[in-house]
Amino acid sequence: MDGAEVISLYESIADLTDQMLAAARKEDWVLLTKLEADCAHVVDFLKRNELEVVLSDDRRDRKIEILKKILEDDRDIRKLTEPGLQKLSALIQSTSTERKLANTYGMNQRG
């Protein structure tokens, strides 16, 4: 792998995070999940292969630009998804509490 390939992979990740942000804005959670898996696959490949590559100053600067864009997308995706995740967490907690109360006080027993 060379510097151009590394930058190309970072650009692929940036493209995927851009698509993920669009999916989150549309509340298309199925697509978001698929894109997240695709992104994780590229990131994993990059992690395993990038260490051996030395980037020129220009490519290093480009990598930094791309990383800033990826981080901005990630921040925006989290802003869109966190309220839903908090609601889901509260619902799960509530259901768990109801189940514990029912078991404790025998509400599930027929008398």
# chains A, B, ... in the order shown; residues from 1 in each chain; ligands from 1
call {"tool": "residues_around", "arguments": {"residues": "stretch 71-79 of chain A", "least_positions_apart": "3", "cutoff": "7 Å", "atoms": "only C-alpha atoms", "output": "list of chain:residue names"}}
result
A:Thr17, A:Asp18, A:Leu21, A:Ala24, A:Leu67, A:Lys68, A:Glu82
call {"tool": "closest_residue", "arguments": {"among": "A:Ala4, A:Leu9, A:Ala22, A:Ile92", "to": "A:Asp44", "atoms": "only C-alpha atoms"}}
result
A:Leu9
call {"tool": "atom_distance", "arguments": {"atom1": "atom CA of A:Val54", "atom2": "atom CA of A:Asp2"}}
result
8.0 Å
call {"tool": "atom_distance", "arguments": {"atom1": "atom CA of A:Glu50", "atom2": "atom CA of A:Leu35"}}
result
21.7 Å
call {"tool": "residues_around", "arguments": {"residues": "A:Arg62", "least_positions_apart": "5", "cutoff": "12 Å", "atoms": "only C-alpha atoms", "output": "MDAnalysis selection string"}}
result
chainID A and resid 3:4 6:8 10:11 14 55:57 67:69
call {"tool": "closest_residue", "arguments": {"among": "A:Met1, A:Leu46, A:Leu16, A:Ile66", "to": "A:Leu32", "atoms": "only C-alpha atoms"}}
result
A:Leu16
call {"tool": "atom_distance", "arguments": {"atom1": "atom CA of A:Asp28", "atom2": "atom CA of A:Ile64"}}
result
29.1 Å
